[in-house]
>>> print(open('work29.csv').read())   # CSV, C-alpha atoms and all ligand atoms
chain,number,residue,atom,x,y,z
A,1,MET,CA,-9.7,14.0,16.5
A,2,LYS,CA,-6.2,14.8,15.3
A,3,THR,CA,-4.1,12.3,13.4
A,4,ILE,CA,-0.8,11.9,11.5
A,5,VAL,CA,-0.5,10.0,8.2
A,6,THR,CA,3.0,9.4,7.0
A,7,GLY,CA,3.2,8.7,3.3
A,8,GLY,CA,-0.1,10.7,3.0
A,9,ALA,CA,0.9,11.9,-0.5
A,10,GLY,CA,1.1,8.4,-1.8
A,11,PHE,CA,-1.5,6.2,-3.4
A,12,ILE,CA,-3.2,4.6,-0.4
A,13,GLY,CA,-2.1,7.4,1.9
A,14,SER,CA,-3.9,10.1,-0.1
A,15,HIS,CA,-7.1,8.1,-0.1
A,16,LEU,CA,-6.7,7.5,3.6
A,17,CYS,CA,-6.2,11.3,4.3
A,18,GLU,CA,-9.3,12.1,2.1
A,19,ARG,CA,-11.5,9.6,4.0
A,20,LEU,CA,-10.3,10.9,7.4
A,21,LEU,CA,-11.1,14.5,6.4
A,22,LYS,CA,-14.5,13.4,5.3
A,23,LEU,CA,-15.0,11.8,8.7
A,24,GLY,CA,-14.1,15.1,10.4
A,25,TYR,CA,-10.6,14.4,11.5
A,26,GLU,CA,-7.8,16.9,11.5
A,27,VAL,CA,-5.1,15.4,9.4
A,28,ILE,CA,-1.3,16.1,9.4
A,29,CYS,CA,0.3,14.5,6.3
A,30,VAL,CA,4.0,13.9,6.5
A,31,ASP,CA,5.7,13.0,3.2
A,32,SER,CA,9.1,13.4,1.5
A,33,TYR,CA,7.6,13.0,-2.0
A,34,ILE,CA,10.2,10.4,-2.8
A,35,THR,CA,7.4,8.4,-4.5
A,36,GLY,CA,4.3,10.4,-3.4
A,37,ALA,CA,3.0,13.5,-5.2
A,38,ARG,CA,1.4,16.8,-4.3
A,39,SER,CA,-1.2,16.2,-7.1
A,40,ASN,CA,-2.6,13.3,-5.2
A,41,MET,CA,-3.7,15.7,-2.5
A,42,GLU,CA,-5.2,18.3,-4.8
A,43,PRO,CA,-8.8,17.4,-3.9
A,44,PHE,CA,-8.3,18.3,-0.2
A,45,LEU,CA,-5.2,20.6,-0.1
A,46,ASP,CA,-7.4,23.6,0.7
A,47,ASN,CA,-9.3,21.8,3.5
A,48,PRO,CA,-8.6,23.8,6.7
A,49,ASN,CA,-8.4,20.6,8.6
A,50,PHE,CA,-5.5,19.4,6.5
A,51,GLN,CA,-1.8,20.2,7.2
A,52,LEU,CA,1.1,19.2,5.0
A,53,ILE,CA,4.6,18.7,6.3
A,54,GLU,CA,7.3,17.9,3.7
A,55,HIS,CA,9.7,15.7,5.7
A,56,ASP,CA,11.7,12.5,5.5
A,57,ILE,CA,10.8,10.5,8.5
A,58,THR,CA,14.2,8.9,8.7
A,59,GLN,CA,14.9,12.2,10.5
A,60,PRO,CA,13.0,12.7,13.8
A,61,LEU,CA,10.0,15.0,13.8
A,62,LEU,CA,10.3,17.3,16.8
A,63,PRO,CA,6.9,17.7,18.5
A,64,GLU,CA,8.2,20.8,20.4
A,65,GLU,CA,8.5,22.6,17.1
A,66,LEU,CA,5.3,21.4,15.5
A,67,ASP,CA,1.7,21.6,16.5
A,68,PHE,CA,1.2,18.0,17.4
A,69,LYS,CA,-0.8,18.7,20.6
A,70,GLY,CA,-3.9,16.5,20.6
A,71,VAL,CA,-2.6,13.9,18.1
A,72,LYS,CA,-4.2,10.6,19.1
A,73,GLU,CA,-3.4,8.4,16.2
A,74,ILE,CA,-0.4,7.8,13.8
A,75,PHE,CA,-0.8,5.9,10.6
A,76,ASN,CA,2.7,4.9,9.4
A,77,LEU,CA,2.4,4.4,5.6
A,78,ALA,CA,5.6,6.0,4.4
A,79,CYS,CA,7.6,3.6,2.2
A,80,PRO,CA,8.2,3.1,-1.5
A,81,ALA,CA,5.9,0.1,-2.4
A,82,SER,CA,6.3,-0.7,-6.1
A,83,PRO,CA,9.0,-3.3,-6.9
A,84,ILE,CA,10.6,-1.0,-9.5
A,85,ASP,CA,10.7,1.9,-7.1
A,86,TYR,CA,12.1,0.1,-4.2
A,87,GLN,CA,14.7,-1.7,-6.3
A,88,LYS,CA,15.9,1.7,-7.5
A,89,ILE,CA,16.3,3.1,-4.0
A,90,PRO,CA,16.9,0.0,-1.8
A,91,LEU,CA,18.8,1.8,0.9
A,92,GLU,CA,16.1,4.5,1.3
A,93,THR,CA,13.5,1.7,1.4
A,94,LEU,CA,15.3,-0.2,4.2
A,95,TRP,CA,16.0,2.9,6.1
A,96,VAL,CA,12.4,4.3,6.1
A,97,SER,CA,11.1,1.0,7.4
A,98,ALA,CA,13.9,1.0,10.1
A,99,ALA,CA,14.8,4.5,11.2
A,100,GLY,CA,11.5,6.0,9.9
A,101,THR,CA,9.4,3.5,11.8
A,102,LYS,CA,11.5,4.0,14.9
A,103,ASN,CA,11.1,7.8,14.7
A,104,MET,CA,7.4,7.6,14.4
A,105,LEU,CA,7.1,5.1,17.2
A,106,ASP,CA,9.1,7.4,19.4
A,107,LEU,CA,6.7,10.2,18.5
A,108,ALA,CA,3.8,8.0,19.4
A,109,VAL,CA,5.3,7.3,22.8
A,110,LYS,CA,5.8,11.0,23.4
A,111,LEU,CA,2.3,11.9,22.3
A,112,GLY,CA,0.6,9.0,23.8
A,113,ALA,CA,-0.9,8.1,20.4
A,114,LYS,CA,-2.1,4.9,18.9
A,115,PHE,CA,0.3,3.6,16.2
A,116,LEU,CA,-0.7,1.7,13.0
A,117,GLN,CA,2.0,0.1,10.9
A,118,ALA,CA,1.3,-0.5,7.2
A,119,SER,CA,2.9,-3.9,6.6
A,120,THR,CA,2.6,-6.0,3.5
A,121,SER,CA,1.8,-9.4,2.0
A,122,GLU,CA,5.5,-9.3,1.0
A,123,VAL,CA,6.4,-10.5,4.5
A,124,TYR,CA,5.2,-13.9,3.2
A,125,GLY,CA,7.7,-13.7,0.3
A,126,ASP,CA,7.2,-16.3,-2.4
A,127,PRO,CA,4.7,-18.2,-0.2
A,128,LEU,CA,4.7,-22.0,0.4
A,129,GLU,CA,1.4,-21.8,2.1
A,130,HIS,CA,-1.7,-20.8,0.1
A,131,PRO,CA,-3.8,-18.8,0.8
A,132,GLN,CA,-1.7,-16.9,3.3
A,133,ARG,CA,-2.8,-16.7,6.9
A,134,GLU,CA,-1.3,-14.4,9.5
A,135,SER,CA,0.3,-17.4,11.2
A,136,TYR,CA,2.5,-18.2,8.2
A,137,TRP,CA,6.1,-17.1,8.7
A,138,GLY,CA,6.9,-16.6,5.1
A,139,ASN,CA,9.5,-17.6,2.5
A,140,VAL,CA,11.7,-14.6,1.9
A,141,ASN,CA,15.1,-14.4,0.2
A,142,CYS,CA,16.9,-12.0,2.6
A,143,LEU,CA,19.5,-11.2,-0.1
A,144,GLY,CA,17.3,-10.9,-3.2
A,145,PRO,CA,16.2,-7.9,-5.1
A,146,ARG,CA,12.9,-7.6,-3.2
A,147,SER,CA,14.6,-8.0,0.2
A,148,CYS,CA,14.9,-4.2,0.9
A,149,TYR,CA,11.2,-4.0,1.0
A,150,ASP,CA,10.3,-7.5,2.4
A,151,GLU,CA,13.0,-7.5,5.1
A,152,GLY,CA,12.5,-3.8,5.9
A,153,LYS,CA,8.8,-4.4,6.5
A,154,ARG,CA,9.5,-7.6,8.5
A,155,PHE,CA,12.0,-5.6,10.7
A,156,ALA,CA,9.3,-2.9,11.1
A,157,GLU,CA,6.8,-5.5,12.3
A,158,SER,CA,9.3,-6.7,14.9
A,159,LEU,CA,10.1,-3.1,16.0
A,160,VAL,CA,6.4,-2.2,16.4
A,161,THR,CA,5.8,-5.4,18.4
A,162,ASN,CA,8.7,-4.8,20.7
A,163,TYR,CA,7.8,-1.1,21.2
A,164,SER,CA,4.3,-2.3,22.1
A,165,HIS,CA,5.8,-4.5,24.8
A,166,GLU,CA,8.4,-2.2,26.1
A,167,TYR,CA,6.3,1.0,26.2
A,168,SER,CA,2.8,-0.5,26.6
A,169,LEU,CA,2.1,1.4,23.4
A,170,PRO,CA,-1.2,0.6,21.6
A,171,THR,CA,0.0,-0.6,18.2
A,172,LYS,CA,-1.6,-2.2,15.2
A,173,ILE,CA,-0.2,-4.0,12.2
A,174,VAL,CA,-2.0,-4.4,8.9
A,175,ARG,CA,-0.6,-6.6,6.1
A,176,ILE,CA,-1.7,-4.9,2.9
A,177,PHE,CA,-2.1,-7.1,-0.2
A,178,ASN,CA,-2.1,-5.8,-3.8
A,179,THR,CA,-4.3,-2.7,-3.9
A,180,TYR,CA,-5.3,-0.7,-7.0
A,181,GLY,CA,-7.4,2.3,-8.0
A,182,PRO,CA,-7.1,6.0,-9.1
A,183,ARG,CA,-3.9,7.9,-8.2
A,184,MET,CA,-1.6,5.0,-8.9
A,185,ARG,CA,1.3,6.4,-10.9
A,186,ALA,CA,1.1,5.6,-14.6
A,187,HIS,CA,4.7,4.4,-14.6
A,188,ASP,CA,5.2,3.0,-11.1
A,189,GLY,CA,5.7,-0.4,-12.7
A,190,ARG,CA,2.9,-2.2,-11.0
A,191,VAL,CA,0.8,-4.5,-13.0
A,192,ILE,CA,-2.5,-2.7,-13.1
A,193,PRO,CA,-1.2,0.8,-14.1
A,194,ASN,CA,1.2,-0.8,-16.5
A,195,PHE,CA,-1.5,-2.9,-18.3
A,196,ILE,CA,-4.0,0.0,-18.3
A,197,THR,CA,-1.6,2.6,-19.7
A,198,GLN,CA,-0.3,0.1,-22.3
A,199,ALA,CA,-3.9,-0.8,-23.4
A,200,LEU,CA,-4.9,2.9,-23.6
A,201,ALA,CA,-1.9,3.7,-25.7
A,202,GLY,CA,-2.5,0.6,-27.9
A,203,GLU,CA,0.9,-0.6,-27.0
A,204,PRO,CA,1.8,-4.3,-26.3
A,205,ILE,CA,0.8,-5.6,-22.8
A,206,THR,CA,4.0,-6.8,-21.1
A,207,ILE,CA,3.4,-10.1,-19.2
A,208,TYR,CA,6.4,-11.2,-17.2
A,209,GLY,CA,6.9,-15.0,-17.3
A,210,ASP,CA,4.1,-17.2,-18.5
A,211,GLY,CA,1.4,-15.1,-16.8
A,212,TYR,CA,0.2,-18.0,-14.7
A,213,GLN,CA,1.4,-16.4,-11.5
A,214,THR,CA,-1.5,-15.1,-9.4
A,215,ARG,CA,-2.4,-12.0,-7.4
A,216,SER,CA,-5.5,-10.8,-5.6
A,217,PHE,CA,-6.5,-7.2,-6.1
A,218,CYS,CA,-8.3,-5.0,-3.6
A,219,TYR,CA,-9.9,-1.7,-4.6
A,220,VAL,CA,-8.4,1.2,-2.6
A,221,ASP,CA,-11.7,2.3,-1.0
A,222,ASP,CA,-12.1,-1.2,0.5
A,223,MET,CA,-8.5,-1.1,1.7
A,224,VAL,CA,-9.0,2.3,3.4
A,225,SER,CA,-12.1,0.9,5.2
A,226,GLY,CA,-10.1,-2.0,6.5
A,227,ILE,CA,-7.2,0.2,7.7
A,228,LEU,CA,-9.7,2.5,9.6
A,229,ALA,CA,-11.6,-0.4,11.1
A,230,MET,CA,-8.3,-1.7,12.4
A,231,MET,CA,-7.3,1.6,13.9
A,232,VAL,CA,-10.5,2.0,15.9
A,233,LYS,CA,-10.7,-1.7,17.0
A,234,ARG,CA,-10.0,-2.0,20.7
A,235,ASP,CA,-7.6,-4.6,22.1
A,236,PHE,CA,-6.5,-6.0,18.7
A,237,LYS,CA,-2.9,-5.5,17.6
A,238,GLY,CA,-2.9,-7.9,14.7
A,239,PRO,CA,-1.1,-8.5,12.4
A,240,VAL,CA,-4.1,-8.8,10.2
A,241,ASN,CA,-4.3,-9.4,6.5
A,242,LEU,CA,-6.2,-6.8,4.4
A,243,GLY,CA,-7.0,-7.5,0.8
A,244,ASN,CA,-9.5,-9.1,-1.6
A,245,PRO,CA,-9.3,-12.9,-1.7
A,246,GLU,CA,-10.5,-13.2,-5.3
A,247,GLU,CA,-7.5,-14.6,-7.1
A,248,TYR,CA,-6.5,-14.0,-10.8
A,249,SER,CA,-3.7,-15.1,-13.0
A,250,ILE,CA,-1.8,-12.2,-14.5
A,251,LYS,CA,-2.7,-13.5,-18.0
A,252,SER,CA,-6.4,-13.3,-17.2
A,253,LEU,CA,-5.9,-9.8,-15.8
A,254,ALA,CA,-4.3,-8.8,-19.1
A,255,GLU,CA,-7.3,-10.2,-21.0
A,256,LYS,CA,-9.8,-8.4,-18.7
A,257,ILE,CA,-8.1,-5.1,-19.2
A,258,VAL,CA,-7.9,-5.5,-23.0
A,259,GLU,CA,-11.6,-6.3,-23.0
A,260,LEU,CA,-12.6,-3.4,-20.7
A,261,THR,CA,-10.5,-0.8,-22.6
A,262,GLY,CA,-11.4,-2.2,-26.1
A,263,ALA,CA,-7.7,-2.2,-26.8
A,264,LYS,CA,-6.1,-3.8,-29.8
A,265,SER,CA,-2.9,-4.5,-27.9
A,266,LYS,CA,-1.0,-7.7,-28.4
A,267,ILE,CA,0.6,-9.6,-25.6
A,268,ASP,CA,4.4,-9.3,-25.2
A,269,TYR,CA,6.0,-11.9,-22.9
A,270,LYS,CA,9.1,-10.8,-21.0
A,271,ASP,CA,11.3,-12.5,-18.5
A,272,LEU,CA,9.9,-13.1,-15.0
A,273,PRO,CA,11.8,-10.9,-12.5
A,274,GLN,CA,13.9,-12.8,-9.9
A,275,ASP,CA,11.9,-13.9,-6.7
A,276,ASP,CA,8.6,-12.9,-8.2
A,277,PRO,CA,6.0,-14.6,-6.0
A,278,LYS,CA,4.2,-17.4,-7.9
A,279,VAL,CA,0.9,-17.1,-6.0
A,280,ARG,CA,-0.7,-14.7,-3.6
A,281,ARG,CA,-4.1,-14.6,-2.0
A,282,PRO,CA,-5.0,-13.4,1.5
A,283,ASP,CA,-7.0,-15.5,4.0
A,284,ILE,CA,-9.1,-12.7,5.4
A,285,SER,CA,-11.0,-14.7,8.0
A,286,LEU,CA,-9.3,-12.9,10.9
A,287,ALA,CA,-10.2,-9.4,9.4
A,288,SER,CA,-13.7,-10.5,8.7
A,289,GLU,CA,-14.2,-11.9,12.2
A,290,ARG,CA,-12.5,-9.1,14.2
A,291,LEU,CA,-13.1,-6.1,12.0
A,292,GLU,CA,-16.1,-7.2,9.9
A,293,PHE,CA,-14.0,-6.4,7.0
A,294,GLU,CA,-15.4,-7.4,3.7
A,295,PRO,CA,-14.3,-6.0,0.3
A,296,LYS,CA,-17.3,-4.5,-1.5
A,297,VAL,CA,-16.1,-3.3,-4.8
A,298,LYS,CA,-16.3,-5.9,-7.6
A,299,PHE,CA,-13.2,-6.3,-9.6
A,300,GLU,CA,-14.7,-5.3,-12.9
A,301,ASP,CA,-16.3,-2.1,-11.3
A,302,GLY,CA,-13.0,-1.2,-9.7
A,303,LEU,CA,-11.1,-1.7,-12.9
A,304,LYS,CA,-13.6,0.4,-14.8
A,305,ARG,CA,-13.2,3.3,-12.3
A,306,THR,CA,-9.4,3.0,-12.5
A,307,ILE,CA,-9.4,2.9,-16.3
A,308,GLU,CA,-11.7,6.0,-16.3
A,309,TRP,CA,-9.2,7.8,-14.0
A,310,PHE,CA,-6.3,6.9,-16.2
A,311,GLU,CA,-8.2,8.1,-19.3
A,312,ALA,CA,-8.9,11.5,-17.6
A,313,ASP,CA,-6.5,12.5,-14.8
A,314,GLY,CA,-3.8,10.0,-15.8
A,315,ARG,CA,-3.5,11.5,-19.3
A,316,GLU,CA,-1.1,14.2,-18.2
A,317,GLN,CA,1.1,11.7,-16.4
A,318,ARG,CA,1.2,9.5,-19.5
A,319,ALA,CA,2.2,12.4,-21.7
A,320,GLU,CA,4.9,13.6,-19.3
A,321,SER,CA,6.5,10.2,-19.1
A,322,ARG,CA,6.9,9.9,-22.9
B,401,LIG,N1,3.8,-8.0,-14.0
B,401,LIG,C1,3.6,-8.3,-15.3
B,401,LIG,N2,3.7,-7.2,-16.2
B,401,LIG,C2,4.0,-5.9,-15.8
B,401,LIG,C3,4.1,-5.7,-14.4
B,401,LIG,C4,4.0,-6.7,-13.5
B,401,LIG,O1,3.4,-9.4,-15.8
B,401,LIG,O2,4.0,-5.0,-16.7
B,401,LIG,C5,3.6,-9.1,-13.0
B,401,LIG,C6,4.7,-9.2,-12.0
B,401,LIG,O3,5.8,-10.0,-12.5
B,401,LIG,C7,4.0,-9.9,-10.9
B,401,LIG,C8,2.6,-9.4,-10.9
B,401,LIG,O4,2.4,-8.9,-12.3
B,401,LIG,O5,4.0,-11.3,-11.1
B,401,LIG,C9,2.3,-8.3,-9.9
B,401,LIG,O6,3.3,-7.3,-10.0
B,401,LIG,P1,3.3,-6.0,-9.3
B,401,LIG,O7,4.6,-5.3,-9.6
B,401,LIG,O8,2.0,-5.2,-9.5
B,401,LIG,O9,3.2,-6.3,-7.7
B,401,LIG,P2,3.8,-7.5,-6.8
B,401,LIG,O10,2.6,-8.2,-6.4
B,401,LIG,O11,4.8,-8.3,-7.6
B,401,LIG,O12,4.5,-6.7,-5.7
>>> encode(input="work29.csv", output="structure tokens")
Amino acid sequence: MKTIVTGGAGFIGSHLCERLLKLGYEVICVDSYITGARSNMEPFLDNPNFQLIEHDITQPLLPEELDFKGVKEIFNLACPASPIDYQKIPLETLWVSAAGTKNMLDLAVKLGAKFLQASTSEVYGDPLEHPQRESYWGNVNCLGPRSCYDEGKRFAESLVTNYSHEYSLPTKIVRIFNTYGPRMRAHDGRVIPNFITQALAGEPITIYGDGYQTRSFCYVDDMVSGILAMMVKRDFKGPVNLGNPEEYSIKSLAEKIVELTGAKSKIDYKDLPQDDPKVRRPDISLASERLEFEPKVKFEDGLKRTIEWFEADGREQRAESR
């Protein structure tokens, strides 16, 4: 089976490519490297079933010029996903969700391929319903600093849904909650890489606000299992939440990382960014019912694996960024 993964050089995308290759798929990765990295694909760059196309999907990919014959599935993951990244490049972020998603949907129509859209828990904004079910419409500030990502992804969900109706295209939407694991960039600004790199360097851990805001963290292998289960599930378009429903305050996360790394770091409290969601936890009943999705990796085990990765492979990145 031949498949396209956009954003395949990114954090979740590279793990998805790797799993697909292990399952015997031919994988075409499309990435502009705006936030992805070639180094993420090192473990499988030489795999003969892997093909890499450096391309920004806001420009159409022309199937006539490329060997797309036989592509049966498109996973559309291309988009900056870390708040500091997307706030630096808000227009690119909006545009990849709009024009990029449209271009990939057009390609799916031409190729007769199934299309899976990587959406996000950010469609729920700063949620007034807790935990979040798929039926919740969200609480998003359409003008705020996170809106380029939130509204971009909301637009993409609408676009996918309407393509599905207009073209009878088999589409799927997964709403990805906070995910962590090896290959996150040391300085992409998200909380787990920040805290781990700070702890390993013996620097202060930066908690934004009082640290009582909550998040639920899913290990990347579990997330990839959920995405794959969704792609192969017949007659189910979603949207479906994917994540781990265990909920932690950011303060307790800081304490856990300090404990696991044996760091001597003190805590440094900083201002809470505008529109930072106060709580977040997925209700995954739908995923568990329809996809038999159940996260397997315990938080402490996943954190240990991630810390080990930052200690080894992440060292270079940490040095470079100094
Ligand atoms: N956060 C923090 N310190 C950091 C980075 C993030 O306290 O160094 C907080 C951030 O304000 C948010 C939570 O951790 O409340 C998760 O942030 P992240 O950027 O990982 O993802 P989000 O879920 O907000 O998209």
>>> closest_residue(input="work29.csv", among="A:Gly112, A:Gly238, A:Gly125, A:Gly202", to="Gly262 of chain A", atoms="all atoms listed in the file")
A:Gly202
>>> residues_around(input="work29.csv", residues="segment 269-276 of chain A", least_positions_apart="6", cutoff="9 Å", atoms="only C-alpha atoms", output="list in words")
Gly125, Asp126, Val140, Asn141, Gly144, Pro145, Arg146, Ile205, Thr206, Ile207, Tyr208, Gly209, Asp210, Gly211 and Gln213 of chain A
>>> write_last_selection(input="work29.csv", atoms="C-alpha atoms", output="compact mmCIF listing (two decimals), in the frame of the given file")
# COMPACT_ATOMS: atom_id res chain seq x y z
CA GLY A 125 7.70 -13.70 0.30
CA ASP A 126 7.20 -16.30 -2.40
CA VAL A 140 11.70 -14.60 1.90
CA ASN A 141 15.10 -14.40 0.20
CA GLY A 144 17.30 -10.90 -3.20
CA PRO A 145 16.20 -7.90 -5.10
CA ARG A 146 12.90 -7.60 -3.20
CA ILE A 205 0.80 -5.60 -22.80
CA THR A 206 4.00 -6.80 -21.10
CA ILE A 207 3.40 -10.10 -19.20
CA TYR A 208 6.40 -11.20 -17.20
CA GLY A 209 6.90 -15.00 -17.30
CA ASP A 210 4.10 -17.20 -18.50
CA GLY A 211 1.40 -15.10 -16.80
CA GLN A 213 1.40 -16.40 -11.50
>>> residues_around(input="work29.csv", residues="Met1 of chain A", least_positions_apart="2", cutoff="10 Å", atoms="all atoms listed in the file", output="number ranges by chain")
A: 3, 20, 23-27, 70-73
>>> residues_around(input="work29.csv", residues="segment 296-302 of chain A", least_positions_apart="4", cutoff="8 Å", atoms="only C-alpha atoms", output="ChimeraX atom specification")
/A:181,217-219,222,306
>>> residues_around(input="work29.csv", residues="Leu143 of chain A", least_positions_apart="6", cutoff="12 Å", atoms="all atoms listed in the file", output="count of residues only")
7
>>> residues_around(input="work29.csv", residues="Pro182 of chain A", least_positions_apart="2", cutoff="10 Å", atoms="all atoms listed in the file", output="list in words")
Phe11, Ile12, His15, Asn40, Tyr180, Met184, Arg185, Ala186, Pro193, Tyr219, Val220, Gly302, Leu303, Arg305, Thr306, Ile307, Glu308, Trp309, Phe310, Asp313 and Gly314 of chain A
>>> closest_residue(input="work29.csv", among="A:Ala81, A:Val232, A:Ala201, A:Leu21", to="ligand LIG 401 (chain B)", atoms="only C-alpha atoms and all ligand atoms")
A:Ala81
>>> atom_distance(input="work29.csv", atom1="atom CA of Val123 of chain A", atom2="atom CA of Tyr136 of chain A")
9.4 Å
>>> atom_distance(input="work29.csv", atom1="atom CA of Pro131 of chain A", atom2="atom CA of Asp235 of chain A")
25.9 Å
>>> closest_residue(input="work29.csv", among="A:Ile28, A:Thr197, A:Arg280, A:Cys17", to="Pro43 of chain A", atoms="all atoms listed in the file")
A:Cys17
>>> atom_distance(input="work29.csv", atom1="atom CA of Glu166 of chain A", atom2="atom CA of Lys69 of chain A")
23.5 Å
>>> residues_near_point(input="work29.csv", point="(0.1, -8.7, 3.2)", cutoff="6 Å", atoms="all atoms listed in the file", output="PyMOL selection string")
chain A and resi 120-122+175-177+241
>>> closest_atom_pairs(input="work29.csv", of="segment 76-171 of chain A", to="segment 188-192 of chain A", cutoff="7 Å", atoms="only C-alpha atoms", output="CSV")
residue,atom,partner,partner_atom,distance
A:Ser82,CA,A:Arg190,CA,6.1
A:Ile84,CA,A:Gly189,CA,5.9
A:Asp85,CA,A:Asp188,CA,6.9
>>> closest_residue(input="work29.csv", among="A:Ser265, A:Ser14, A:Asn103, A:Ser164", to="Asp56 of chain A", atoms="all atoms listed in the file")
A:Asn103
>>> closest_residue(input="work29.csv", among="A:Ile267, A:Leu128, A:Ala229, A:Ile4", to="ligand LIG 401 (chain B)", atoms="all atoms listed in the file")
A:Ile267
>>> closest_residue(input="work29.csv", among="A:Tyr33, A:Tyr86, A:Phe44, A:Phe236", to="Leu286 of chain A", atoms="only C-alpha atoms")
A:Phe236
>>> build_atoms(input="work29.csv", residues="segment 165-171 of chain A", atoms="all heavy atoms", output="PDB file, in the frame of the given file")
ATOM      1  N   HIS A 165       5.463  -3.870  23.531  1.00  0.00           N
ATOM      2  CA  HIS A 165       5.800  -4.500  24.800  1.00  0.00           C
ATOM      3  C   HIS A 165       6.503  -3.598  25.760  1.00  0.00           C
ATOM      4  O   HIS A 165       6.142  -3.443  26.921  1.00  0.00           O
ATOM      5  CB  HIS A 165       6.606  -5.793  24.609  1.00  0.00           C
ATOM      6  CG  HIS A 165       5.920  -6.831  23.789  1.00  0.00           C
ATOM      7  ND1 HIS A 165       6.603  -7.779  23.072  1.00  0.00           N
ATOM      8  CD2 HIS A 165       4.607  -7.069  23.553  1.00  0.00           C
ATOM      9  CE1 HIS A 165       5.747  -8.558  22.425  1.00  0.00           C
ATOM     10  NE2 HIS A 165       4.531  -8.146  22.707  1.00  0.00           N
ATOM     11  N   GLU A 166       7.571  -2.970  25.232  1.00  0.00           N
ATOM     12  CA  GLU A 166       8.400  -2.200  26.100  1.00  0.00           C
ATOM     13  C   GLU A 166       7.768  -0.920  26.658  1.00  0.00           C
ATOM     14  O   GLU A 166       8.029  -0.502  27.764  1.00  0.00           O
ATOM     15  CB  GLU A 166       9.695  -1.725  25.324  1.00  0.00           C
ATOM     16  CG  GLU A 166      10.632  -2.851  24.926  1.00  0.00           C
ATOM     17  CD  GLU A 166      11.464  -3.361  26.088  1.00  0.00           C
ATOM     18  OE1 GLU A 166      11.980  -2.542  26.860  1.00  0.00           O
ATOM     19  OE2 GLU A 166      11.590  -4.600  26.215  1.00  0.00           O
ATOM     20  N   TYR A 167       6.941  -0.302  25.830  1.00  0.00           N
ATOM     21  CA  TYR A 167       6.300   1.000  26.200  1.00  0.00           C
ATOM     22  C   TYR A 167       4.846   0.904  26.464  1.00  0.00           C
ATOM     23  O   TYR A 167       4.195   1.936  26.610  1.00  0.00           O
ATOM     24  CB  TYR A 167       6.612   2.048  25.143  1.00  0.00           C
ATOM     25  CG  TYR A 167       8.077   2.385  24.967  1.00  0.00           C
ATOM     26  CD1 TYR A 167       8.823   1.789  23.966  1.00  0.00           C
ATOM     27  CD2 TYR A 167       8.704   3.301  25.809  1.00  0.00           C
ATOM     28  CE1 TYR A 167      10.164   2.092  23.799  1.00  0.00           C
ATOM     29  CE2 TYR A 167      10.052   3.620  25.637  1.00  0.00           C
ATOM     30  CZ  TYR A 167      10.769   3.008  24.637  1.00  0.00           C
ATOM     31  OH  TYR A 167      12.101   3.320  24.469  1.00  0.00           O
ATOM     32  N   SER A 168       4.300  -0.319  26.467  1.00  0.00           N
ATOM     33  CA  SER A 168       2.800  -0.500  26.600  1.00  0.00           C
ATOM     34  C   SER A 168       2.112   0.421  25.582  1.00  0.00           C
ATOM     35  O   SER A 168       1.118   1.072  25.927  1.00  0.00           O
ATOM     36  CB  SER A 168       2.323  -0.209  27.986  1.00  0.00           C
ATOM     37  OG  SER A 168       2.987  -0.993  28.903  1.00  0.00           O
ATOM     38  N   LEU A 169       2.664   0.483  24.383  1.00  0.00           N
ATOM     39  CA  LEU A 169       2.100   1.400  23.400  1.00  0.00           C
ATOM     40  C   LEU A 169       0.990   0.616  22.611  1.00  0.00           C
ATOM     41  O   LEU A 169       1.181  -0.527  22.221  1.00  0.00           O
ATOM     42  CB  LEU A 169       3.221   1.745  22.382  1.00  0.00           C
ATOM     43  CG  LEU A 169       2.901   2.757  21.306  1.00  0.00           C
ATOM     44  CD1 LEU A 169       2.677   4.147  21.911  1.00  0.00           C
ATOM     45  CD2 LEU A 169       4.051   2.827  20.281  1.00  0.00           C
ATOM     46  N   PRO A 170      -0.166   1.257  22.432  1.00  0.00           N
ATOM     47  CA  PRO A 170      -1.200   0.600  21.600  1.00  0.00           C
ATOM     48  C   PRO A 170      -0.821   0.610  20.145  1.00  0.00           C
ATOM     49  O   PRO A 170      -0.801   1.674  19.524  1.00  0.00           O
ATOM     50  CB  PRO A 170      -2.476   1.407  21.881  1.00  0.00           C
ATOM     51  CG  PRO A 170      -2.032   2.679  22.507  1.00  0.00           C
ATOM     52  CD  PRO A 170      -0.599   2.562  22.935  1.00  0.00           C
ATOM     53  N   THR A 171      -0.450  -0.549  19.621  1.00  0.00           N
ATOM     54  CA  THR A 171       0.000  -0.600  18.200  1.00  0.00           C
ATOM     55  C   THR A 171      -0.870  -1.582  17.428  1.00  0.00           C
ATOM     56  O   THR A 171      -1.533  -2.445  17.993  1.00  0.00           O
ATOM     57  CB  THR A 171       1.457  -1.127  18.142  1.00  0.00           C
ATOM     58  OG1 THR A 171       1.494  -2.428  18.726  1.00  0.00           O
ATOM     59  CG2 THR A 171       2.430  -0.208  18.832  1.00  0.00           C
TER      60      THR A 171
END
